[in-house]
Structure formats: structure tokens, C-alpha cells
Amino acid sequence: MSQFTDLLLSCWIAEAGRSAAMASRGQQESAIQSAARARILASACHKEGVRIVPNYATRHADFLREVAGTDEEMGALGMIVLQRLGAFVDAHTDRFLTEEDHQKLVELGQAELDEVNMALMSGRLFPPPPAAWPATEESKAPGELLARFGILGDPHVGQTETNESLLTALDHMAKDGASFVVANGDLTKDGKVEHFHTARKIFDQSEVPVLVTLGNHDMWGGEDRSLGMERFTAAFGIKPYTEHTENGVRVIVIDSADPRRNPFPPFDMTTGQFKDVPPLTVPGGTFSEETIEWLRTFEPAGPTFIVLHHPPYPFLGVPPLVFGLDQAGTAHLAELAVRVQAKAIFVGHSHRCHLNYLEDVPVFELATACDWPFGYNMVEVTDEGWSLNLRPIDYEPDLDPMSHREYLFRRYATGPDEARSFLALNDEEAP
Ligand SMILES: [Fe+2]
Ligand SMILES: [Fe+2]
């Protein structure tokens, strides 16, 4: 599907998901209005020949319920989260709808917006609960160790002045005995040339070698065209995809960054408005022809792990579909994973801990050291199985304990225990 039809379907999923999540929160009036908004988008999908997939809306609603919580847990904050996603839909659909339909859509969301504004003005939000690192028991594979490596989720060099959390994570991984580390894209805050060079310097100074690939944040950096690839090449002097084998354990690192400019500026889910900055690249991922050709060369070998930046299609967090790898890229990824009998796929991008499956292969969205829960990921492969563990870096960022935004991010990013501590044995059946 094209970028635009995916965006239209994304907006329908968001709206149908919102309606279901509001109904479970007891926001009956808003749920009815939102269902009417979803019908407008469903008929726009029909007109464009885009097939709606009810299962995507159901899964997206489950995600929204997790973040927005019940009324007892979250009060008005849950309502605000859902309304902001509605604002995302308003802001991205005027090009798909007739002026009249778009106006109707906005009007149907007006009562909900008024209620949110009233809640914000009256200050009736609970104080957020204190943050506690999501401790889980470590998973450990039995048997003889074959390889141990680290994954440094979305480094975003330049996000802080000192990049302290990254340096700490790399130091911890070396101490934990990683023989190499993979930095899975979004190497830089926003593709600036000096941040690419700082990233190179940080990785060169690390005690363990670091394999790198690109993410969406690395790609733009220019006035009118993507400069990410040339800046990456100038700083690192290599291709943004690679394969590495250690003691029979193979890691395939794939570049999924898309150089296309996003027609929209970044959207701020806190304010429900576009940010006042120029557009970057599209957030979603794709595979280039060169990458697809390269993927064709892989045969089954020893235990194989795949690392890339974007979660596969359909991504059903926020925003649905358009934030993840496209459908065509996902088909190539799935085919590769089956062909090489991959043990797991590790991705970043969403800055959350999450576990999903692609063709029965577990797909882990991994935490980063620069956002809650501020950790790094260790993978251990033995002759009997393998394990993944998220470990803390004991980094004390300057977080505001009263910030609802940070509380929401914690709810979003923590994920289930099995996404942070996972064990698979070689003789286990696939799920
Ligand atoms: Fe990122
Ligand atoms: Fe990203």
C-alpha cells in the first residue's frame, strides 16, 4: 500500500480503537461520537479501495486500554491521551476527506475536546505514582555459552550534551562480557553531521566493537533532501547493513531507514498539535532494492538473530501502521526469518519493551538507554537455547516526578515482563 493509503487506514484504526477504548473506560458519549468518526473514515477507505481490517482496530484498542487505563487508575489523564490521538486523526485526514466530511469529523470530536480542556483547566489530574524500575528475574539459558552480545537501543547521540546514558550502557555491556554490541538505528538525535561523528567517536572508544545501522532520525538533516546516508558513510565509512558471526552465532543487521520526506511536521501527542519545526523523514521503514538483493544471499546457518530499526507491519501502537516497517519490507523480513530459521528479531524505534511474533519468530521492541526504563539489552546464546535480558544502567536522569507526560511514557514503555526477560530452549516448540 502507498504511504497515503496506509495513513488513511492508520487513522481509521486509531479512531475505531479509540471508540472501543473509550467505551471500556465508561466514556459512552465520546465512544458514540468516535464510532461515527470511524464510519466517516471507513467510507473514505472504501472510496480509495483500502480494505479495513477489524482485527487491527481490536489490537490497537488493546494497546490504547493499556496506556489510557481505567477511569479509577487514570482519571482524566486517560481521557486526554485518547483525545490527543483523535487530534492526530483530525490533523492528518483533511487531504482524504471532502471539506464537508472533515468538518463533520472535527465537529464530532468537539465535545470530547471541550471536556479535555475543562479537565486541564480545573487541574483535576491525579499526581503520578512514583517511578520504579521494572525489575524482573533474569532469564538464563542452560548449556555451554556460544556467544554473548549487547543491543544498544536507539542511541540518539546529541539528545543530551554528555551522552552519559550511552557511555554508561556501553561500559556496562563491556563489563557484562558482551563480545560485540549492535546499535540498532536512530544513532543521532536528528541526523546532524556532528552527531554522526560523535557517535563514531563514542563507538570507537567503547571497549567492545559496535555494529551500526540507520533509523528514521538519522535520515533527514538537509533542507530539501535526505542527507542521512551520505553523512553516515562519511562518519563510518561502511554500509548501514552487515552480518557478523561469532562462534557460529550469526547476527544480520538490516537497514530499514526510509529517506523520503514526511509531508507532515512531527505531531506532538501532548498538545495534540503539529510541532513548529520542519518535517523530517517519514517515521516508517522500508527496504531498498540493494538491501533486498543482499537479504537474498542468506542461507540457513547456526543460530541466527536479525536486528533492524523498525518493528514489522502491522505496527499497532501509535500511530498505527505508518510508524512501522512497510508491508513490502515486512514480507521480505518474514521470508528471511523463515529461510534462515531466525531465533529472534530485535528492533528499536518505539522506545518501548514489547513482544510480538512474525511467522512464529519472536520480535522484540527494545528499550533505549536514553528513555525510560533507561536500560541496555544482553543476549546470551548457548548450545541449548538463548536468553534476552534488559538491564538497568542506574542512570539518574533529570525527570520530573510530577510530570504526567513522563508517567504516561512509563506506562507505555515498560511492557510485559517477557519482553524484558526471555528464555527460549532449542527443543521448545514455536508458540
Ligand atoms: Fe528512536
Ligand atoms: Fe526511530
# chains A, B, ... in the order shown; residues from 1 in each chain; ligands from 1
>>> residues_near_ligand(ligand="ligand 2", cutoff="9 Å", atoms="only C-alpha atoms and all ligand atoms", output="mmCIF file with N, CA and C atoms, in the first residue's frame")
data_model
loop_
_atom_site.group_PDB
_atom_site.id
_atom_site.type_symbol
_atom_site.label_atom_id
_atom_site.label_comp_id
_atom_site.auth_asym_id
_atom_site.auth_seq_id
_atom_site.Cartn_x
_atom_site.Cartn_y
_atom_site.Cartn_z
ATOM 1 N N ASP A 154 18.170 2.458 20.152
ATOM 2 C CA ASP A 154 18.134 3.872 19.741
ATOM 3 C C ASP A 154 19.070 4.819 20.519
ATOM 4 N N GLY A 185 20.041 1.709 15.065
ATOM 5 C CA GLY A 185 19.435 2.841 14.334
ATOM 6 C C GLY A 185 18.957 3.947 15.246
ATOM 7 N N ASP A 186 18.636 5.107 14.638
ATOM 8 C CA ASP A 186 18.480 6.352 15.394
ATOM 9 C C ASP A 186 19.762 6.559 16.196
ATOM 10 N N LEU A 214 21.019 2.378 10.421
ATOM 11 C CA LEU A 214 20.342 3.681 10.436
ATOM 12 C C LEU A 214 18.910 3.592 10.941
ATOM 13 N N GLY A 215 18.412 4.712 11.460
ATOM 14 C CA GLY A 215 16.999 4.836 11.826
ATOM 15 C C GLY A 215 16.426 6.096 11.200
ATOM 16 N N ASN A 216 15.148 6.309 11.349
ATOM 17 C CA ASN A 216 14.492 7.464 10.722
ATOM 18 C C ASN A 216 15.088 8.795 11.162
ATOM 19 N N HIS A 217 15.480 8.901 12.434
ATOM 20 C CA HIS A 217 16.010 10.187 12.917
ATOM 21 C C HIS A 217 17.333 10.562 12.264
ATOM 22 N N ASP A 218 18.020 9.568 11.701
ATOM 23 C CA ASP A 218 19.320 9.829 11.090
ATOM 24 C C ASP A 218 19.193 10.358 9.665
ATOM 25 N N ALA A 257 15.842 2.263 7.167
ATOM 26 C CA ALA A 257 15.503 3.694 7.189
ATOM 27 C C ALA A 257 15.040 4.168 5.813
ATOM 28 N N PRO A 283 8.287 8.550 9.440
ATOM 29 C CA PRO A 283 8.751 7.754 10.576
ATOM 30 C C PRO A 283 8.871 6.264 10.251
ATOM 31 N N GLY A 284 8.115 5.805 9.275
ATOM 32 C CA GLY A 284 8.064 4.374 8.965
ATOM 33 C C GLY A 284 9.311 3.894 8.237
ATOM 34 N N GLY A 285 9.433 2.578 8.106
ATOM 35 C CA GLY A 285 10.622 1.995 7.489
ATOM 36 C C GLY A 285 10.319 1.292 6.182
ATOM 37 N N HIS A 309 15.869 -1.431 12.616
ATOM 38 C CA HIS A 309 15.320 -0.327 13.407
ATOM 39 C C HIS A 309 13.800 -0.416 13.601
ATOM 40 N N HIS A 310 13.072 -0.776 12.539
ATOM 41 C CA HIS A 310 11.608 -0.646 12.567
ATOM 42 C C HIS A 310 10.874 -1.944 12.922
ATOM 43 N N PHE A 323 3.998 4.032 11.461
ATOM 44 C CA PHE A 323 5.190 4.182 12.298
ATOM 45 C C PHE A 323 6.157 3.005 12.102
ATOM 46 N N GLY A 348 14.037 -1.491 17.322
ATOM 47 C CA GLY A 348 14.004 -0.359 18.247
ATOM 48 C C GLY A 348 12.841 0.541 17.878
ATOM 49 N N HIS A 349 13.124 1.835 17.714
ATOM 50 C CA HIS A 349 12.204 2.816 17.157
ATOM 51 C C HIS A 349 11.076 3.244 18.076
ATOM 52 N N SER A 350 10.386 2.265 18.690
ATOM 53 C CA SER A 350 9.232 2.632 19.514
ATOM 54 C C SER A 350 9.647 3.049 20.925
ATOM 55 N N HIS A 351 10.900 2.826 21.278
ATOM 56 C CA HIS A 351 11.394 3.141 22.632
ATOM 57 C C HIS A 351 10.503 2.510 23.704
#
>>> select_by_dssp(residues="segment 252-296 of chain A", states="alpha helix (DSSP H)", output="list in words")
Glu289, Glu290, Thr291, Ile292, Glu293, Trp294 and Leu295 of chain A
>>> write_last_selection(atoms="N, CA and C atoms", output="short mmCIF file (atom, residue, chain, number, x, y, z; two decimals), in the first residue's frame")
data_model
loop_
_atom_site.label_atom_id
_atom_site.label_comp_id
_atom_site.auth_asym_id
_atom_site.auth_seq_id
_atom_site.Cartn_x
_atom_site.Cartn_y
_atom_site.Cartn_z
N GLU A 289 16.16 -1.59 -2.68
CA GLU A 289 16.43 -2.70 -3.60
C GLU A 289 17.75 -3.37 -3.24
N GLU A 290 18.74 -2.52 -2.90
CA GLU A 290 20.07 -3.03 -2.54
C GLU A 290 19.98 -3.95 -1.32
N THR A 291 19.19 -3.53 -0.34
CA THR A 291 19.02 -4.34 0.87
C THR A 291 18.33 -5.66 0.53
N ILE A 292 17.29 -5.57 -0.29
CA ILE A 292 16.53 -6.78 -0.63
C ILE A 292 17.43 -7.79 -1.36
N GLU A 293 18.26 -7.27 -2.29
CA GLU A 293 19.23 -8.13 -3.01
C GLU A 293 20.16 -8.83 -2.01
N TRP A 294 20.63 -8.05 -1.06
CA TRP A 294 21.59 -8.57 -0.06
C TRP A 294 20.93 -9.64 0.81
N LEU A 295 19.66 -9.41 1.16
CA LEU A 295 18.95 -10.38 2.01
C LEU A 295 18.81 -11.74 1.31
#
>>> closest_residue(among="A:Pro134, A:Pro320, A:Pro362, A:Gly222", to="Leu388 of chain A", atoms="only C-alpha atoms")
A:Pro362
>>> closest_residue(among="A:Phe96, A:Phe180, A:Phe4, A:Phe232", to="His195 of chain A", atoms="only C-alpha atoms")
A:Phe232
>>> closest_residue(among="A:Thr271, A:Thr382, A:Asn184, A:Thr160", to="ligand 1", atoms="only C-alpha atoms and all ligand atoms")
A:Asn184
>>> closest_residue(among="A:Ala199, A:Ala31, A:Cys370, A:Leu211", to="ligand 1", atoms="only C-alpha atoms and all ligand atoms")
A:Cys370
>>> atom_distance(atom1="atom CA of Ser226 of chain A", atom2="atom CA of Val193 of chain A")
12.2 Å
>>> residues_around(residues="Glu66 of chain A", least_positions_apart="2", cutoff="10 Å", atoms="only C-alpha atoms", output="list in words")
Ala21, His60, Ala61, Asp62, Phe63, Leu64, Ala68, Gly69, Thr70, Gly78, Arg411, Tyr412 and Gly415 of chain A
>>> closest_residue(among="A:Met219, A:Ala331, A:Val277, A:Ala301", to="ligand 1", atoms="only C-alpha atoms and all ligand atoms")
A:Met219
>>> residues_around(residues="Gln3 of chain A", least_positions_apart="4", cutoff="9 Å", atoms="only C-alpha atoms", output="count of residues only")
4
>>> residues_around(residues="Leu170 of chain A", least_positions_apart="4", cutoff="12 Å", atoms="only C-alpha atoms", output="number ranges by chain")
A: 149-153, 155, 163-166, 174-183, 202-210, 368-369, 375-378, 391-393
>>> write_last_selection(atoms="N, CA and C atoms", output="compact mmCIF listing (two decimals), in the first residue's frame")
# COMPACT_ATOMS: atom_id res chain seq x y z
N PHE A 149 26.14 -11.02 23.36
CA PHE A 149 26.25 -9.68 22.76
C PHE A 149 25.20 -8.74 23.33
N GLY A 150 25.46 -7.44 23.13
CA GLY A 150 24.55 -6.43 23.65
C GLY A 150 23.82 -5.73 22.53
N ILE A 151 22.64 -5.19 22.85
CA ILE A 151 21.96 -4.33 21.88
C ILE A 151 21.69 -2.99 22.55
N LEU A 152 22.24 -1.97 21.93
CA LEU A 152 22.08 -0.61 22.42
C LEU A 152 20.91 -0.02 21.63
N GLY A 153 19.74 0.02 22.27
CA GLY A 153 18.55 0.54 21.59
C GLY A 153 18.69 2.02 21.29
N PRO A 155 20.34 4.91 20.14
CA PRO A 155 21.27 5.75 20.93
C PRO A 155 20.94 7.25 20.94
N ASN A 163 25.81 12.72 26.53
CA ASN A 163 25.50 11.34 26.09
C ASN A 163 25.84 10.32 27.18
N GLU A 164 25.68 10.75 28.41
CA GLU A 164 26.14 9.94 29.54
C GLU A 164 25.48 8.56 29.60
N SER A 165 24.16 8.51 29.32
CA SER A 165 23.48 7.23 29.45
C SER A 165 24.03 6.20 28.46
N LEU A 166 24.44 6.67 27.28
CA LEU A 166 25.01 5.77 26.27
C LEU A 166 26.36 5.24 26.70
N ALA A 174 30.26 -3.95 28.27
CA ALA A 174 31.63 -4.50 28.26
C ALA A 174 31.86 -5.28 29.55
N LYS A 175 31.44 -4.70 30.67
CA LYS A 175 31.65 -5.38 31.97
C LYS A 175 30.85 -6.68 32.04
N ASP A 176 29.68 -6.69 31.39
CA ASP A 176 28.83 -7.90 31.41
C ASP A 176 29.33 -8.97 30.43
N GLY A 177 30.42 -8.67 29.74
CA GLY A 177 31.04 -9.69 28.89
C GLY A 177 30.51 -9.77 27.48
N ALA A 178 29.91 -8.69 26.96
CA ALA A 178 29.48 -8.70 25.55
C ALA A 178 30.72 -8.74 24.67
N SER A 179 30.69 -9.57 23.61
CA SER A 179 31.86 -9.54 22.73
C SER A 179 31.63 -8.57 21.58
N PHE A 180 30.40 -8.18 21.37
CA PHE A 180 30.10 -7.09 20.44
C PHE A 180 28.74 -6.50 20.81
N VAL A 181 28.46 -5.33 20.24
CA VAL A 181 27.21 -4.63 20.53
C VAL A 181 26.59 -4.21 19.19
N VAL A 182 25.27 -4.23 19.09
CA VAL A 182 24.61 -3.69 17.91
C VAL A 182 23.84 -2.44 18.32
N ALA A 183 24.08 -1.33 17.63
CA ALA A 183 23.31 -0.11 17.85
C ALA A 183 22.28 -0.04 16.72
N ILE A 202 32.24 7.82 20.01
CA ILE A 202 31.78 7.06 21.19
C ILE A 202 31.94 5.56 20.95
N PHE A 203 31.53 5.11 19.76
CA PHE A 203 31.59 3.67 19.48
C PHE A 203 33.05 3.20 19.36
N ASP A 204 33.92 4.05 18.78
CA ASP A 204 35.34 3.69 18.66
C ASP A 204 35.99 3.57 20.03
N GLN A 205 35.53 4.41 20.95
CA GLN A 205 36.14 4.39 22.29
C GLN A 205 35.58 3.27 23.17
N SER A 206 34.49 2.66 22.72
CA SER A 206 33.89 1.58 23.50
C SER A 206 34.85 0.39 23.56
N GLU A 207 34.83 -0.31 24.67
CA GLU A 207 35.72 -1.46 24.81
C GLU A 207 35.32 -2.63 23.91
N VAL A 208 34.03 -2.64 23.51
CA VAL A 208 33.56 -3.71 22.63
C VAL A 208 33.20 -3.11 21.27
N PRO A 209 33.44 -3.85 20.17
CA PRO A 209 33.09 -3.34 18.85
C PRO A 209 31.58 -3.11 18.74
N VAL A 210 31.18 -2.06 18.02
CA VAL A 210 29.76 -1.73 17.87
C VAL A 210 29.36 -1.81 16.39
N THR A 368 15.59 1.75 25.13
CA THR A 368 16.81 2.51 24.86
C THR A 368 17.40 3.01 26.18
N ALA A 369 18.66 3.40 26.11
CA ALA A 369 19.32 3.92 27.31
C ALA A 369 18.97 5.38 27.54
N GLY A 375 17.79 1.41 29.92
CA GLY A 375 18.49 0.14 30.06
C GLY A 375 19.22 -0.26 28.78
N TYR A 376 19.88 -1.40 28.85
CA TYR A 376 20.55 -1.99 27.70
C TYR A 376 20.18 -3.47 27.68
N ASN A 377 20.32 -4.07 26.53
CA ASN A 377 19.82 -5.44 26.34
C ASN A 377 20.97 -6.39 26.12
N MET A 378 20.96 -7.50 26.84
CA MET A 378 22.01 -8.52 26.69
C MET A 378 21.40 -9.81 26.17
N ARG A 391 18.78 -4.80 31.20
CA ARG A 391 19.43 -4.48 32.47
C ARG A 391 19.48 -2.96 32.67
N PRO A 392 19.37 -2.53 33.92
CA PRO A 392 19.37 -1.08 34.18
C PRO A 392 20.77 -0.49 34.11
N ILE A 393 20.85 0.79 33.79
CA ILE A 393 22.17 1.44 33.79
C ILE A 393 22.34 2.32 35.02
>>> closest_residue(among="A:Leu390, A:Leu366, A:Ala337, A:Val379", to="ligand 1", atoms="only C-alpha atoms and all ligand atoms")
A:Leu366
